[in-house]
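The file protein_35.pdb comes next; it holds PDB, C-alpha atoms.
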ATOM      1  CA  MET A   1      72.980 -19.364  69.314  1.00  0.00           C
ATOM      2  CA  THR A   2      70.008 -21.446  70.449  1.00  0.00           C
ATOM      3  CA  LEU A   3      68.075 -21.678  73.692  1.00  0.00           C
ATOM      4  CA  PRO A   4      69.060 -24.508  76.070  1.00  0.00           C
ATOM      5  CA  TYR A   5      65.704 -26.193  75.400  1.00  0.00           C
ATOM      6  CA  ARG A   6      62.326 -25.431  73.932  1.00  0.00           C
ATOM      7  CA  PRO A   7      60.295 -23.146  76.204  1.00  0.00           C
ATOM      8  CA  SER A   8      56.697 -23.994  77.038  1.00  0.00           C
ATOM      9  CA  ALA A   9      55.721 -20.352  77.652  1.00  0.00           C
ATOM     10  CA  VAL A  10      57.085 -16.835  77.283  1.00  0.00           C
ATOM     11  CA  ILE A  11      56.845 -14.234  80.048  1.00  0.00           C
ATOM     12  CA  PHE A  12      57.394 -10.614  79.085  1.00  0.00           C
ATOM     13  CA  ASP A  13      58.299  -7.558  81.078  1.00  0.00           C
ATOM     14  CA  MET A  14      56.413  -4.517  79.754  1.00  0.00           C
ATOM     15  CA  ASP A  15      58.226  -1.203  80.269  1.00  0.00           C
ATOM     16  CA  GLY A  16      61.324  -0.916  78.119  1.00  0.00           C
ATOM     17  CA  LEU A  17      60.739  -4.350  76.558  1.00  0.00           C
ATOM     18  CA  LEU A  18      57.333  -4.235  74.843  1.00  0.00           C
ATOM     19  CA  LEU A  19      56.874  -0.478  75.014  1.00  0.00           C
ATOM     20  CA  ASP A  20      59.431   2.296  74.735  1.00  0.00           C
ATOM     21  CA  THR A  21      58.422   3.832  78.056  1.00  0.00           C
ATOM     22  CA  GLU A  22      61.703   4.090  79.938  1.00  0.00           C
ATOM     23  CA  VAL A  23      63.059   6.829  77.700  1.00  0.00           C
ATOM     24  CA  LEU A  24      59.780   8.709  78.219  1.00  0.00           C
ATOM     25  CA  TRP A  25      60.059   8.333  82.003  1.00  0.00           C
ATOM     26  CA  GLN A  26      63.566   9.770  81.717  1.00  0.00           C
ATOM     27  CA  GLU A  27      62.324  12.734  79.670  1.00  0.00           C
ATOM     28  CA  ALA A  28      59.508  13.277  82.175  1.00  0.00           C
ATOM     29  CA  LEU A  29      61.955  13.153  85.086  1.00  0.00           C
ATOM     30  CA  LEU A  30      64.168  15.812  83.558  1.00  0.00           C
ATOM     31  CA  SER A  31      61.152  18.029  82.845  1.00  0.00           C
ATOM     32  CA  ALA A  32      59.778  17.649  86.378  1.00  0.00           C
ATOM     33  CA  ALA A  33      63.203  18.369  87.857  1.00  0.00           C
ATOM     34  CA  ALA A  34      63.754  21.443  85.674  1.00  0.00           C
ATOM     35  CA  GLU A  35      60.467  22.926  86.915  1.00  0.00           C
ATOM     36  CA  VAL A  36      61.827  23.034  90.459  1.00  0.00           C
ATOM     37  CA  GLY A  37      65.421  23.861  89.574  1.00  0.00           C
ATOM     38  CA  HIS A  38      66.966  20.421  90.077  1.00  0.00           C
ATOM     39  CA  GLU A  39      69.408  18.475  87.945  1.00  0.00           C
ATOM     40  CA  ILE A  40      69.158  14.674  87.912  1.00  0.00           C
ATOM     41  CA  PRO A  41      72.426  12.764  87.449  1.00  0.00           C
ATOM     42  CA  ASP A  42      72.253   9.784  85.102  1.00  0.00           C
ATOM     43  CA  GLU A  43      73.259   7.460  87.937  1.00  0.00           C
ATOM     44  CA  ILE A  44      70.138   8.406  89.909  1.00  0.00           C
ATOM     45  CA  TYR A  45      67.805   7.700  87.002  1.00  0.00           C
ATOM     46  CA  ASN A  46      69.648   4.504  86.044  1.00  0.00           C
ATOM     47  CA  LYS A  47      69.213   3.120  89.553  1.00  0.00           C
ATOM     48  CA  SER A  48      65.463   3.733  89.314  1.00  0.00           C
ATOM     49  CA  ILE A  49      65.012   1.737  86.080  1.00  0.00           C
ATOM     50  CA  GLY A  50      62.838  -1.312  86.654  1.00  0.00           C
ATOM     51  CA  VAL A  51      61.872  -0.075  90.127  1.00  0.00           C
ATOM     52  CA  ARG A  52      58.382   1.179  90.937  1.00  0.00           C
ATOM     53  CA  ARG A  53      58.607   4.966  90.867  1.00  0.00           C
ATOM     54  CA  SER A  54      57.038   5.150  94.322  1.00  0.00           C
ATOM     55  CA  GLN A  55      59.749   2.813  95.639  1.00  0.00           C
ATOM     56  CA  SER A  56      62.533   5.112  94.491  1.00  0.00           C
ATOM     57  CA  ARG A  57      61.872   7.505  97.384  1.00  0.00           C
ATOM     58  CA  GLY A  58      65.023   6.489  99.275  1.00  0.00           C
ATOM     59  CA  LEU A  59      67.169   6.960  96.181  1.00  0.00           C
ATOM     60  CA  PHE A  60      66.025  10.549  95.711  1.00  0.00           C
ATOM     61  CA  LEU A  61      66.131  11.415  99.410  1.00  0.00           C
ATOM     62  CA  SER A  62      69.702  10.124  99.653  1.00  0.00           C
ATOM     63  CA  HIS A  63      70.689  12.431  96.805  1.00  0.00           C
ATOM     64  CA  PHE A  64      68.647  15.566  97.552  1.00  0.00           C
ATOM     65  CA  GLY A  65      68.327  15.267 101.328  1.00  0.00           C
ATOM     66  CA  GLU A  66      65.634  14.216 103.777  1.00  0.00           C
ATOM     67  CA  ASP A  67      63.665  17.445 103.282  1.00  0.00           C
ATOM     68  CA  PHE A  68      63.153  16.720  99.578  1.00  0.00           C
ATOM     69  CA  LEU A  69      59.389  16.701  98.855  1.00  0.00           C
ATOM     70  CA  PHE A  70      59.398  13.392  97.025  1.00  0.00           C
ATOM     71  CA  ASP A  71      55.626  12.822  96.928  1.00  0.00           C
ATOM     72  CA  ASP A  72      55.037  16.163  95.229  1.00  0.00           C
ATOM     73  CA  PHE A  73      57.936  15.557  92.891  1.00  0.00           C
ATOM     74  CA  HIS A  74      56.746  12.044  92.064  1.00  0.00           C
ATOM     75  CA  ALA A  75      53.253  13.296  91.226  1.00  0.00           C
ATOM     76  CA  ASN A  76      54.726  15.899  88.897  1.00  0.00           C
ATOM     77  CA  TRP A  77      57.005  13.275  87.325  1.00  0.00           C
ATOM     78  CA  ARG A  78      53.969  11.106  86.562  1.00  0.00           C
ATOM     79  CA  ARG A  79      52.047  14.077  85.183  1.00  0.00           C
ATOM     80  CA  HIS A  80      54.833  14.864  82.751  1.00  0.00           C
ATOM     81  CA  PHE A  81      55.077  11.206  81.728  1.00  0.00           C
ATOM     82  CA  TRP A  82      51.415  10.936  80.765  1.00  0.00           C
ATOM     83  CA  LEU A  83      51.562  14.189  78.819  1.00  0.00           C
ATOM     84  CA  ILE A  84      54.550  12.907  76.868  1.00  0.00           C
ATOM     85  CA  ALA A  85      53.216   9.368  76.427  1.00  0.00           C
ATOM     86  CA  GLU A  86      49.992  10.621  74.872  1.00  0.00           C
ATOM     87  CA  ASN A  87      51.877  11.363  71.653  1.00  0.00           C
ATOM     88  CA  LYS A  88      55.174   9.492  71.931  1.00  0.00           C
ATOM     89  CA  LEU A  89      54.412   6.024  73.302  1.00  0.00           C
ATOM     90  CA  THR A  90      55.634   3.461  70.770  1.00  0.00           C
ATOM     91  CA  LEU A  91      56.229  -0.279  70.582  1.00  0.00           C
ATOM     92  CA  LYS A  92      59.759  -1.612  70.763  1.00  0.00           C
ATOM     93  CA  PRO A  93      61.103  -3.102  67.510  1.00  0.00           C
ATOM     94  CA  GLY A  94      59.989  -6.669  66.857  1.00  0.00           C
ATOM     95  CA  VAL A  95      56.933  -6.782  69.141  1.00  0.00           C
ATOM     96  CA  PRO A  96      54.310  -7.492  66.437  1.00  0.00           C
ATOM     97  CA  GLU A  97      56.518 -10.052  64.708  1.00  0.00           C
ATOM     98  CA  LEU A  98      57.262 -11.982  67.901  1.00  0.00           C
ATOM     99  CA  LEU A  99      53.611 -12.015  68.975  1.00  0.00           C
ATOM    100  CA  ASP A 100      52.414 -12.991  65.503  1.00  0.00           C
ATOM    101  CA  GLN A 101      54.882 -15.802  64.923  1.00  0.00           C
ATOM    102  CA  SER A 102      55.167 -17.416  68.341  1.00  0.00           C
ATOM    103  CA  ARG A 103      52.186 -19.537  69.388  1.00  0.00           C
ATOM    104  CA  LEU A 104      53.473 -20.298  72.884  1.00  0.00           C
ATOM    105  CA  PRO A 105      51.361 -19.334  75.914  1.00  0.00           C
ATOM    106  CA  ARG A 106      52.404 -15.876  77.054  1.00  0.00           C
ATOM    107  CA  ALA A 107      52.088 -13.568  80.021  1.00  0.00           C
ATOM    108  CA  ILE A 108      53.242 -10.164  81.176  1.00  0.00           C
ATOM    109  CA  ALA A 109      54.969  -9.766  84.552  1.00  0.00           C
ATOM    110  CA  THR A 110      55.301  -6.074  85.362  1.00  0.00           C
ATOM    111  CA  SER A 111      55.802  -3.698  88.277  1.00  0.00           C
ATOM    112  CA  SER A 112      53.250  -1.292  86.816  1.00  0.00           C
ATOM    113  CA  SER A 113      49.680  -0.947  88.036  1.00  0.00           C
ATOM    114  CA  ARG A 114      46.844  -2.656  86.177  1.00  0.00           C
ATOM    115  CA  THR A 115      45.454   0.723  85.134  1.00  0.00           C
ATOM    116  CA  THR A 116      48.770   1.693  83.577  1.00  0.00           C
ATOM    117  CA  VAL A 117      49.126  -1.670  81.847  1.00  0.00           C
ATOM    118  CA  GLU A 118      45.622  -1.500  80.409  1.00  0.00           C
ATOM    119  CA  ASN A 119      46.188   2.057  79.161  1.00  0.00           C
ATOM    120  CA  HIS A 120      49.489   1.161  77.495  1.00  0.00           C
ATOM    121  CA  LEU A 121      48.361  -2.109  75.935  1.00  0.00           C
ATOM    122  CA  THR A 122      45.012  -0.754  74.779  1.00  0.00           C
ATOM    123  CA  SER A 123      46.734   2.132  72.999  1.00  0.00           C
ATOM    124  CA  HIS A 124      48.479  -0.436  70.785  1.00  0.00           C
ATOM    125  CA  SER A 125      45.681  -3.053  70.609  1.00  0.00           C
ATOM    126  CA  LEU A 126      47.651  -5.562  72.691  1.00  0.00           C
ATOM    127  CA  MET A 127      45.251  -6.305  75.550  1.00  0.00           C
ATOM    128  CA  ASN A 128      44.044  -9.540  73.957  1.00  0.00           C
ATOM    129  CA  ARG A 129      47.488 -10.733  72.879  1.00  0.00           C
ATOM    130  CA  PHE A 130      48.426 -12.181  76.291  1.00  0.00           C
ATOM    131  CA  ASP A 131      46.972 -15.116  78.202  1.00  0.00           C
ATOM    132  CA  GLU A 132      47.736 -13.584  81.610  1.00  0.00           C
ATOM    133  CA  ILE A 133      48.777 -10.153  82.849  1.00  0.00           C
ATOM    134  CA  ILE A 134      50.491  -9.983  86.251  1.00  0.00           C
ATOM    135  CA  CYS A 135      50.637  -6.451  87.680  1.00  0.00           C
ATOM    136  CA  ARG A 136      51.548  -4.712  90.908  1.00  0.00           C
ATOM    137  CA  GLY A 137      49.219  -6.051  93.590  1.00  0.00           C
ATOM    138  CA  ASP A 138      49.095  -9.564  92.150  1.00  0.00           C
ATOM    139  CA  TYR A 139      52.183 -10.688  94.095  1.00  0.00           C
ATOM    140  CA  GLU A 140      53.770 -10.068  97.494  1.00  0.00           C
ATOM    141  CA  LYS A 141      57.265  -8.844  96.642  1.00  0.00           C
ATOM    142  CA  GLY A 142      58.258  -6.905  93.557  1.00  0.00           C
ATOM    143  CA  LYS A 143      61.331  -7.302  91.386  1.00  0.00           C
ATOM    144  CA  PRO A 144      64.160  -8.239  91.982  1.00  0.00           C
ATOM    145  CA  ALA A 145      62.275 -10.855  94.038  1.00  0.00           C
ATOM    146  CA  PRO A 146      61.037 -13.697  91.802  1.00  0.00           C
ATOM    147  CA  ASP A 147      57.386 -13.272  92.790  1.00  0.00           C
ATOM    148  CA  PRO A 148      56.076 -11.567  89.604  1.00  0.00           C
ATOM    149  CA  PHE A 149      57.541 -14.238  87.337  1.00  0.00           C
ATOM    150  CA  LEU A 150      56.525 -17.106  89.604  1.00  0.00           C
ATOM    151  CA  LYS A 151      52.964 -15.791  89.696  1.00  0.00           C
ATOM    152  CA  ALA A 152      52.899 -15.552  85.909  1.00  0.00           C
ATOM    153  CA  ALA A 153      54.116 -19.151  85.555  1.00  0.00           C
ATOM    154  CA  GLU A 154      51.523 -20.292  88.090  1.00  0.00           C
ATOM    155  CA  ARG A 155      48.715 -18.554  86.203  1.00  0.00           C
ATOM    156  CA  LEU A 156      49.861 -20.121  82.925  1.00  0.00           C
ATOM    157  CA  GLY A 157      50.171 -23.543  84.539  1.00  0.00           C
ATOM    158  CA  VAL A 158      53.782 -23.943  83.378  1.00  0.00           C
ATOM    159  CA  GLU A 159      56.818 -24.869  85.473  1.00  0.00           C
ATOM    160  CA  PRO A 160      59.111 -21.840  85.913  1.00  0.00           C
ATOM    161  CA  ARG A 161      62.128 -23.690  84.475  1.00  0.00           C
ATOM    162  CA  LEU A 162      60.175 -24.207  81.237  1.00  0.00           C
ATOM    163  CA  CYS A 163      59.443 -20.487  80.851  1.00  0.00           C
ATOM    164  CA  LEU A 164      61.413 -18.079  78.717  1.00  0.00           C
ATOM    165  CA  ALA A 165      61.595 -14.714  80.526  1.00  0.00           C
ATOM    166  CA  LEU A 166      62.292 -11.529  78.547  1.00  0.00           C
ATOM    167  CA  GLU A 167      63.621  -8.479  80.392  1.00  0.00           C
ATOM    168  CA  ASP A 168      65.358  -5.195  79.612  1.00  0.00           C
ATOM    169  CA  SER A 169      66.494  -4.085  83.098  1.00  0.00           C
ATOM    170  CA  HIS A 170      69.058  -5.393  85.544  1.00  0.00           C
ATOM    171  CA  ILE A 171      66.493  -5.653  88.323  1.00  0.00           C
ATOM    172  CA  GLY A 172      64.165  -7.574  86.018  1.00  0.00           C
ATOM    173  CA  VAL A 173      66.876 -10.009  84.960  1.00  0.00           C
ATOM    174  CA  ARG A 174      67.619 -10.721  88.615  1.00  0.00           C
ATOM    175  CA  SER A 175      63.916 -11.382  89.244  1.00  0.00           C
ATOM    176  CA  ALA A 176      63.522 -13.772  86.308  1.00  0.00           C
ATOM    177  CA  ALA A 177      66.745 -15.623  87.076  1.00  0.00           C
ATOM    178  CA  ALA A 178      65.723 -15.976  90.732  1.00  0.00           C
ATOM    179  CA  ALA A 179      62.509 -17.595  89.491  1.00  0.00           C
ATOM    180  CA  GLY A 180      64.629 -20.227  87.746  1.00  0.00           C
ATOM    181  CA  MET A 181      63.608 -19.235  84.233  1.00  0.00           C
ATOM    182  CA  MET A 182      65.571 -19.156  80.984  1.00  0.00           C
ATOM    183  CA  THR A 183      66.294 -15.444  80.953  1.00  0.00           C
ATOM    184  CA  VAL A 184      67.019 -13.353  77.873  1.00  0.00           C
ATOM    185  CA  MET A 185      67.918  -9.704  78.265  1.00  0.00           C
ATOM    186  CA  VAL A 186      67.009  -7.231  75.544  1.00  0.00           C
ATOM    187  CA  PRO A 187      68.847  -4.104  76.745  1.00  0.00           C
ATOM    188  CA  ASP A 188      67.051  -0.771  76.653  1.00  0.00           C
ATOM    189  CA  LEU A 189      68.702   2.079  78.573  1.00  0.00           C
ATOM    190  CA  LEU A 190      71.127  -0.134  80.519  1.00  0.00           C
ATOM    191  CA  GLU A 191      73.720  -2.420  78.979  1.00  0.00           C
ATOM    192  CA  PRO A 192      74.312  -5.735  80.788  1.00  0.00           C
ATOM    193  CA  THR A 193      77.186  -6.029  83.225  1.00  0.00           C
ATOM    194  CA  GLU A 194      79.289  -9.157  83.493  1.00  0.00           C
ATOM    195  CA  ASP A 195      77.211 -10.188  86.496  1.00  0.00           C
ATOM    196  CA  ILE A 196      73.930  -9.673  84.620  1.00  0.00           C
ATOM    197  CA  CYS A 197      75.232 -11.623  81.615  1.00  0.00           C
ATOM    198  CA  SER A 198      75.965 -14.559  83.911  1.00  0.00           C
ATOM    199  CA  LEU A 199      72.250 -14.706  84.796  1.00  0.00           C
ATOM    200  CA  CYS A 200      71.117 -14.795  81.165  1.00  0.00           C
ATOM    201  CA  VAL A 201      71.127 -17.556  78.578  1.00  0.00           C
ATOM    202  CA  PHE A 202      71.395 -14.881  75.903  1.00  0.00           C
ATOM    203  CA  VAL A 203      71.555 -11.101  75.428  1.00  0.00           C
ATOM    204  CA  ALA A 204      69.549 -10.135  72.332  1.00  0.00           C
ATOM    205  CA  ARG A 205      69.809  -7.014  70.214  1.00  0.00           C
ATOM    206  CA  ASP A 206      66.020  -6.731  69.923  1.00  0.00           C
ATOM    207  CA  LEU A 207      62.835  -8.781  69.853  1.00  0.00           C
ATOM    208  CA  HIS A 208      63.452  -9.738  66.232  1.00  0.00           C
ATOM    209  CA  GLU A 209      66.411 -11.748  67.485  1.00  0.00           C
ATOM    210  CA  VAL A 210      64.289 -13.224  70.281  1.00  0.00           C
ATOM    211  CA  ARG A 211      61.708 -14.292  67.688  1.00  0.00           C
ATOM    212  CA  ASP A 212      64.428 -16.125  65.756  1.00  0.00           C
ATOM    213  CA  LEU A 213      65.543 -17.888  68.951  1.00  0.00           C
ATOM    214  CA  VAL A 214      62.006 -19.008  69.737  1.00  0.00           C
ATOM    215  CA  LEU A 215      61.258 -20.156  66.185  1.00  0.00           C
ATOM    216  CA  ALA A 216      64.507 -22.129  66.062  1.00  0.00           C
ATOM    217  CA  CYS A 217      63.185 -24.215  68.982  1.00  0.00           C
ATOM    218  CA  ALA A 218      59.739 -24.820  67.451  1.00  0.00           C
TER     219      ALA A 218
END

I'd like the structure from this file rewritten - as structure tokens, please.
Amino acid sequence: MTLPYRPSAVIFDMDGLLLDTEVLWQEALLSAAAEVGHEIPDEIYNKSIGVRRSQSRGLFLSHFGEDFLFDDFHANWRRHFWLIAENKLTLKPGVPELLDQSRLPRAIATSSSRTTVENHLTSHSLMNRFDEIICRGDYEKGKPAPDPFLKAAERLGVEPRLCLALEDSHIGVRSAAAAGMMTVMVPDLLEPTEDICSLCVFVARDLHEVRDLVLACA
């Protein structure tokens, strides 16, 4: 399998693609819920993947009811995440190899805040490995709208259609595809559906496989 054409830039999602954060958010969610006697069905968490935690309010209210104290719960969820991440935050397989061997311009397009991004990347000495970092607040509409990826392409000075976009979530794939980019999904907690596959040029096992795709086009 090869890419349709040689990309001129690579745009990365962060959570679940570069860093193994989604599984930690899931662990934190279950811990926060257990503290207040709640159980969280997998379908609720799965629908929140790739979505800003603060934007998942409606999802939780629809499940637990309008009197559910989401703001308090969300704060506790975040607290548990940072406690867990302090010792468990790891890179996804293939990150160093892809960054070391691909010389293409690169950016991150994420729904996370700049503070969160800087904390995560600094912990693994990655802050200087990207030409641009697009975070929440740098664009008008978040994923699945194309805005984060379009902003990243604009900052890099590369046409969107010449960008390779790497995503792990369904909502992220929809965002990258809507931006008109060559989209590769590297599944994390969610496997691609038939609909999601139709939006991708390839579904990779990991970033090692993405590296091989990129190098084959060099």

Decode the PyMOL selection byres ((chain A and resi 206) around 8) for the given file into explicit residues and return them as an MDAnalysis selection string. chainID A and resid 93:94 186:187 204:205 207:210

Any chance you can output those residues with C-alpha atoms as a short mmCIF file (atom, residue, chain, number, x, y, z; two decimals), in the coordinates of the input?
data_model
loop_
_atom_site.label_atom_id
_atom_site.label_comp_id
_atom_site.auth_asym_id
_atom_site.auth_seq_id
_atom_site.Cartn_x
_atom_site.Cartn_y
_atom_site.Cartn_z
CA PRO A 93 61.10 -3.10 67.51
CA GLY A 94 59.99 -6.67 66.86
CA VAL A 186 67.01 -7.23 75.54
CA PRO A 187 68.85 -4.10 76.74
CA ALA A 204 69.55 -10.14 72.33
CA ARG A 205 69.81 -7.01 70.21
CA LEU A 207 62.84 -8.78 69.85
CA HIS A 208 63.45 -9.74 66.23
CA GLU A 209 66.41 -11.75 67.48
CA VAL A 210 64.29 -13.22 70.28
#

Do you know which residues the PyMOL selection byres ((chain A and resi 50) around 6) returns on this file, as a CSV table (one decimal) with C-alpha atoms, in the coordinates of the input?
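Below you can see out_5.csv, which holds the result:
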chain,number,residue,atom,x,y,z
A,49,ILE,CA,65.0,1.7,86.1
A,51,VAL,CA,61.9,-0.1,90.1
A,169,SER,CA,66.5,-4.1,83.1
A,171,ILE,CA,66.5,-5.7,88.3

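Of the listed residues (A:Thr90, A:Asp131, A:Leu18, A:Leu59), A:Asp131 comes nearest to Leu156 of chain A; the distances count only C-alpha atoms.
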
Give me the result of the PyMOL selection byres ((chain A and resi 130) around 12) on this file, residue by residue, as a count of residues only. 31

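Nearest to Ala165 of chain A of all the residues A:Arg78, A:Val23, A:Ser8, A:Lys92 is A:Ser8, based on all atoms listed in the file.
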
Hey, what's within 10 Å of segment 137-145 of chain A if we count only C-alpha atoms and toss same-chain stuff fewer than 3 positions away? As an MDAnalysis selection string, please? chainID A and resid 50:52 109:114 133:134 148:152 170:179

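The residue that comes closest to Ile84 of chain A, out of A:His38, A:Asp20, A:Arg136, A:Lys47 and on the basis of all atoms listed in the file, is A:Asp20.
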
Please check which residues have atoms at most 8 Å from (61.0, -23.8, 80.6) in the file's coordinates, counting all atoms listed in the file, and write them as a VMD selection string. chain A and resid 5 to 9 158 to 164 181 to 182

Where's the centre, and what are the edge lengths in Å to one decimal, of a box along x, y and z enclosing all listed atoms of segment 126-138 of chain A padded 5 Å per side, as AutoDock Vina command-line options?
--center_x 47.8 --center_y -9.9 --center_z 83.1 --size_x 17.5 --size_y 20.4 --size_z 30.9

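With distances restricted to all atoms listed in the file, A:Asp212 is the closest residue to Met1 of chain A from A:Glu35, A:Asp212, A:Asp147, A:Asp15.
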
May I have the protein, DNA and RNA residues with any atom at most 6 Å from the point (69.1, -1.6, 77.5), counting all atoms listed in the file, written as JSON, numbers by chain? {"A": [168, 187, 188, 189, 190, 191]}

Using all atoms listed in the file, can you tell me which of A:Arg79, A:Phe68, A:Glu154, A:Val95 comes closest to Val36 of chain A? A:Phe68

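In this structure, atom CA of His124 of chain A sits 15.4 Å away from atom CA of Trp82 of chain A.
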
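What separates atom CA of His120 of chain A from atom CA of Lys88 of chain A is a distance of 11.5 Å.
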
Here is a test: counting all atoms listed in the file, which residue of A:Leu83, A:Leu17, A:Leu30, A:Met185 is nearest to Ile44 of chain A? A:Leu30
